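The structure appears below as structure tokens.
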Amino acid sequence: MTEARPVRKDGGAGRLRWCVRGLVVAVLSQIGSVALFTVTVLALFSLVVGVGVLILPVVLAAVRGLAGYHRRTVGEWTGTPVDTPYRHPVEASPHDVAASFRQCRLLLADPATWRDVLWLFLDGPVGLVLGLLPASLVAYGLNGLFVTPFLWEHMGPHWGFGVIWPIADQTDAYLAMPQGALLVALGLLTARPLVRAHGGFSRLLLAPTRGARLALRVERLTETRSETVESQAAELRRIERDLHDGAQARLVSLGMKLGLADTMLDEDPEMVRRLLADAMESSSQALTELRDLVRGIHPPVLAERGLDGAVRALAVGLPLPVELAIDLPSRPQPPVESAAYFVIAETLANVTKHSGATRVDVRLWYADGALRARVTDDGRGGADPEGGSGLRGLQRRLAAFDGVLEVDSPQGGPTVVTMELPCAL
């Protein structure tokens, strides 16, 4: 989940930075794209003799790594993220021929693989020209400003600069200075457009096509449907278990006590009073458990105050300082509101139980057609959705609404849990 960032205007230092970025593009196009294209072609041809079955997944993993780096840099440099188009991950198994063979079939059947290969082939010349041209203009212009006017006599009889070939005297040499300044300015002015043009070229081949987006969307919906069914089944089992072990057991006990009191009404009135007192306590406990159960399904505070007030109520009840920043122009739809509330509530519960944090920052806002939340704590970190911390369940809950939950929690902290939930207010 990446937010598009506005690209700010560049001054002289910013334009020079774009020249450096162009050099990075040019270098990567040669030592990365050209080299990997050559290795990829060799790996494809080696499939004929069988060795390529083991080599190709490893090579394509490297290709995807370089392509992924370009997607990230294009997103950072242009402010518009580039999505990943792959249908299947690369799982190289150099010691398992059968697994490598299956991997090769999946990778070769993925159109994104061939678009990567085409991009490698074209990126050599395109990246070299678009990336190197701005820096070359600047370097050549600096030569005209500081080298040619003073060392022209040592450059040989046929040496010149710009439109002056050869340089015949000192006057011709000094004419290199305005030409050099013009070339430096031209290089600085064209650096950003040329590097962004390379970004557009990379986006054209590395971003998902419409068909790929549709296929990925279908896979995503299939996965989220399965996770939603599983999550709903688990929720129903939890409700059934809570009813069976809690309120139902107390109501059964209440019925037995009332029946026993009825039989002993004439024989032992004192015992009947104690039984009725126990029955009243059991009914009160059963009512409390039913209320807790209903609160776990849809909290009354959410219905009464909305998501804004419900999150503020959560913050008030937390045993550590909470800094809130909430900006919601209106209420989301009730199912979305409920999902967002439970995600924030469970995240704050995890912070309290496991993080050892001393403070929490909660930000909740709406932007670009999505409800977003970010919970940051200064705890020990190390939270992992795959580690049984409940975060995976939160991801499944959001998946039902096509939402995303990302966790950034390095060892030592801080932990940042970010939620994005597409919805309309």
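Chain labels follow the order of the structure tokens: the first chain is A, the next B, and so on; residue numbering restarts at 1 in every chain, and ligands are counted from 1 in their shown order.
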Margin query: List the spatial neighbours of A:Pro57 as a VMD selection string - criterion: any atom at most 7 Å away, only C-alpha atoms, same-chain residues fewer than 2 positions off excluded.
Written below: chain A and resid 54 to 55 59 to 61 90 92 103 to 104
Checklist line | Test item: residues at most 12 Å from A:Gly381, only C-alpha atoms, excluding those fewer than 6 positions along its chain, as a list in words | finding: Asn350, Val351, His354, Ser355, Gly356, Ala357, Val407, Asp408, Ser409, Pro410, Gln411, Gly412, Gly413, Pro414, Thr415, Val416 and Val417 of chain A
Need the shell around stretch 272-285 of chain A: protein/DNA/RNA residues with any atom at most 8 Å away, counting only C-alpha atoms. Skip same-chain ones fewer than 4 positions apart. Format as an mmCIF file with N, CA and C atoms, in the first residue's frame?
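Final file, part.cif:
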data_model
loop_
_atom_site.group_PDB
_atom_site.id
_atom_site.type_symbol
_atom_site.label_atom_id
_atom_site.label_comp_id
_atom_site.auth_asym_id
_atom_site.auth_seq_id
_atom_site.Cartn_x
_atom_site.Cartn_y
_atom_site.Cartn_z
ATOM 1 N N ALA A 247 -23.401 -17.930 28.431
ATOM 2 C CA ALA A 247 -24.789 -17.600 28.727
ATOM 3 C C ALA A 247 -25.684 -18.830 28.758
ATOM 4 N N ARG A 250 -25.255 -20.744 31.993
ATOM 5 C CA ARG A 250 -25.841 -20.019 33.128
ATOM 6 C C ARG A 250 -27.365 -20.075 33.082
ATOM 7 N N LEU A 251 -27.937 -20.001 31.885
ATOM 8 C CA LEU A 251 -29.395 -20.090 31.787
ATOM 9 C C LEU A 251 -29.884 -21.480 32.164
ATOM 10 N N SER A 253 -28.357 -23.437 34.309
ATOM 11 C CA SER A 253 -28.230 -23.462 35.767
ATOM 12 C C SER A 253 -29.368 -22.680 36.422
ATOM 13 N N LEU A 254 -29.738 -21.562 35.811
ATOM 14 C CA LEU A 254 -30.845 -20.760 36.335
ATOM 15 C C LEU A 254 -32.141 -21.566 36.339
ATOM 16 N N LYS A 257 -32.069 -24.182 39.148
ATOM 17 C CA LYS A 257 -32.251 -23.583 40.474
ATOM 18 C C LYS A 257 -33.707 -23.194 40.704
ATOM 19 N N LEU A 258 -34.347 -22.626 39.680
ATOM 20 C CA LEU A 258 -35.749 -22.269 39.833
ATOM 21 C C LEU A 258 -36.618 -23.511 40.011
ATOM 22 N N LEU A 260 -35.615 -26.370 41.343
ATOM 23 C CA LEU A 260 -35.376 -26.869 42.693
ATOM 24 C C LEU A 260 -36.084 -25.999 43.727
ATOM 25 N N ALA A 261 -36.096 -24.685 43.519
ATOM 26 C CA ALA A 261 -36.792 -23.797 44.448
ATOM 27 C C ALA A 261 -38.282 -24.083 44.462
ATOM 28 N N ASP A 262 -38.841 -24.420 43.309
ATOM 29 C CA ASP A 262 -40.268 -24.724 43.242
ATOM 30 C C ASP A 262 -40.614 -25.964 44.066
ATOM 31 N N MET A 264 -38.995 -27.069 46.670
ATOM 32 C CA MET A 264 -38.699 -26.902 48.092
ATOM 33 C C MET A 264 -39.428 -25.698 48.691
ATOM 34 N N LEU A 265 -40.395 -25.153 47.974
ATOM 35 C CA LEU A 265 -41.053 -23.928 48.427
ATOM 36 C C LEU A 265 -41.727 -24.102 49.779
ATOM 37 N N ASP A 268 -38.590 -25.868 52.734
ATOM 38 C CA ASP A 268 -37.432 -25.110 53.241
ATOM 39 C C ASP A 268 -37.420 -23.723 52.612
ATOM 40 N N GLU A 289 -22.807 -11.449 30.006
ATOM 41 C CA GLU A 289 -22.101 -12.188 28.952
ATOM 42 C C GLU A 289 -22.774 -11.998 27.601
#
Next item on the list: List the neighbours of A:Val360 out to 12 Å using only C-alpha atoms; skip same-chain residues closer than 2 positions along the sequence, and give me the result as a PyMOL selection string.
Entry: chain A and resi 314-316+318-325+344+347-352+355-358+362-363+374-379+414-417
Next item on the list: Excluding stretch 384-386 of chain A and any residue of its chain fewer than 4 positions from it, enumerate the residues within 9 Å of it, using only C-alpha atoms, and give them as a ChimeraX atom specification.
Entry: /A:390-395,406-409
Go ahead and write the residues just picked, all heavy atoms, as a short mmCIF file (atom, residue, chain, number, x, y, z; two decimals), in the first residue's frame.
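In the end it all went to selection-v9.cif:
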data_model
loop_
_atom_site.label_atom_id
_atom_site.label_comp_id
_atom_site.auth_asym_id
_atom_site.auth_seq_id
_atom_site.Cartn_x
_atom_site.Cartn_y
_atom_site.Cartn_z
N GLY A 390 -2.56 -12.46 15.74
CA GLY A 390 -3.89 -11.96 15.44
C GLY A 390 -3.93 -11.02 14.27
O GLY A 390 -5.00 -10.67 13.77
N LEU A 391 -2.75 -10.57 13.82
CA LEU A 391 -2.71 -9.64 12.69
C LEU A 391 -3.18 -10.30 11.40
O LEU A 391 -3.77 -9.65 10.54
CB LEU A 391 -1.28 -9.10 12.52
CG LEU A 391 -0.77 -8.22 13.67
CD1 LEU A 391 0.71 -7.91 13.48
CD2 LEU A 391 -1.57 -6.94 13.74
N ARG A 392 -2.91 -11.58 11.26
CA ARG A 392 -3.36 -12.28 10.06
C ARG A 392 -4.89 -12.31 10.01
O ARG A 392 -5.49 -12.17 8.94
CB ARG A 392 -2.81 -13.71 10.05
CG ARG A 392 -3.18 -14.51 8.81
CD ARG A 392 -2.50 -13.95 7.59
NE ARG A 392 -2.94 -14.66 6.40
CZ ARG A 392 -3.46 -14.07 5.34
NH1 ARG A 392 -3.63 -12.77 5.32
NH2 ARG A 392 -3.82 -14.76 4.29
N GLY A 393 -5.53 -12.47 11.17
CA GLY A 393 -6.99 -12.42 11.22
C GLY A 393 -7.52 -11.05 10.83
O GLY A 393 -8.55 -10.94 10.17
N LEU A 394 -6.80 -10.00 11.22
CA LEU A 394 -7.20 -8.65 10.82
C LEU A 394 -7.07 -8.47 9.32
O LEU A 394 -7.91 -7.81 8.69
CB LEU A 394 -6.35 -7.62 11.56
CG LEU A 394 -6.45 -7.60 13.09
CD1 LEU A 394 -5.61 -6.49 13.66
CD2 LEU A 394 -7.89 -7.47 13.53
N GLN A 395 -6.02 -9.03 8.73
CA GLN A 395 -5.86 -8.96 7.28
C GLN A 395 -7.01 -9.66 6.58
O GLN A 395 -7.51 -9.18 5.56
CB GLN A 395 -4.52 -9.56 6.87
CG GLN A 395 -3.32 -8.73 7.26
CD GLN A 395 -2.00 -9.38 6.92
OE1 GLN A 395 -1.90 -10.60 6.84
NE2 GLN A 395 -0.98 -8.57 6.70
N GLU A 406 -0.96 -3.46 6.43
CA GLU A 406 0.48 -3.61 6.34
C GLU A 406 1.10 -3.38 7.71
O GLU A 406 0.67 -2.50 8.45
CB GLU A 406 1.07 -2.63 5.32
CG GLU A 406 0.67 -2.93 3.89
CD GLU A 406 1.34 -2.00 2.90
OE1 GLU A 406 1.97 -1.01 3.35
OE2 GLU A 406 1.23 -2.24 1.68
N VAL A 407 2.12 -4.19 8.00
CA VAL A 407 2.80 -4.10 9.29
C VAL A 407 4.28 -3.87 9.05
O VAL A 407 4.94 -4.65 8.36
CB VAL A 407 2.59 -5.40 10.11
CG1 VAL A 407 3.28 -5.28 11.47
CG2 VAL A 407 1.12 -5.69 10.30
N ASP A 408 4.81 -2.80 9.62
CA ASP A 408 6.24 -2.50 9.58
C ASP A 408 6.72 -2.49 11.02
O ASP A 408 6.46 -1.54 11.77
CB ASP A 408 6.47 -1.14 8.91
CG ASP A 408 7.96 -0.80 8.82
OD1 ASP A 408 8.78 -1.71 9.02
OD2 ASP A 408 8.29 0.37 8.56
N SER A 409 7.42 -3.56 11.40
CA SER A 409 7.77 -3.72 12.81
C SER A 409 9.16 -4.35 12.95
O SER A 409 9.29 -5.53 13.25
CB SER A 409 6.72 -4.59 13.53
OG SER A 409 7.01 -4.72 14.90
#
Check: Taking only C-alpha atoms into account, which of A:Gly131, A:Pro332, A:Pro111, A:Gly382 comes nearest A:Ala215?
Finding: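 For A:Ala215, the nearest of the given residues is A:Pro111.
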Next item on the list: Record the distance separating atom CA of A:Trp152 and atom CA of A:Leu16, expressed in Å with one decimal.
Entry: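 It comes out at 27.2 Å.
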Next item on the list: Find the residues near A:Leu182: any atom within 12 Å, counting only C-alpha atoms, skip ones fewer than 5 places away on the same chain, and give them as an NGL selection string.
Entry: :A and (137-145 or 162 or 175-177 or 187-189)
Leaving out A:Arg15 and any residue of its chain fewer than 4 positions from it, which residues lie within 9 Å of it when counting only C-alpha atoms, given as a compact mmCIF listing (two decimals) with C-alpha atoms, in the first residue's frame?
# COMPACT_ATOMS: atom_id res chain seq x y z
CA ASP A 10 13.38 21.36 -8.50
CA GLY A 11 16.00 24.05 -8.15
CA CYS A 19 21.33 14.12 -13.74
CA VAL A 20 22.75 11.73 -11.16
CA GLY A 187 21.53 19.23 -19.64
CA LEU A 188 20.09 20.41 -16.31
CA LEU A 189 16.77 21.39 -17.87
CA THR A 190 16.33 18.12 -19.78
CA ALA A 191 17.49 15.78 -16.99
CA ARG A 192 14.15 15.45 -15.27
Next item on the list: Rank nothing, just name the residue among A:Arg196, A:Asp402, A:Glu304, A:Leu204 nearest to A:Glu76, using only C-alpha atoms.
Entry: A:Arg196
Next item on the list: Step one, run DSSP on the backbone; step two, keep only residues of stretch 326-370 of chain A assigned to strand (DSSP E); then write them as a PyMOL selection string.
Entry: chain A and resi 326-327+360-367+370
Next item on the list: Find the residue from A:Gly403, A:Gly127, A:Gly65, A:Gly160 that sits nearest to A:Ser202; use only C-alpha atoms when measuring.
Entry: A:Gly127
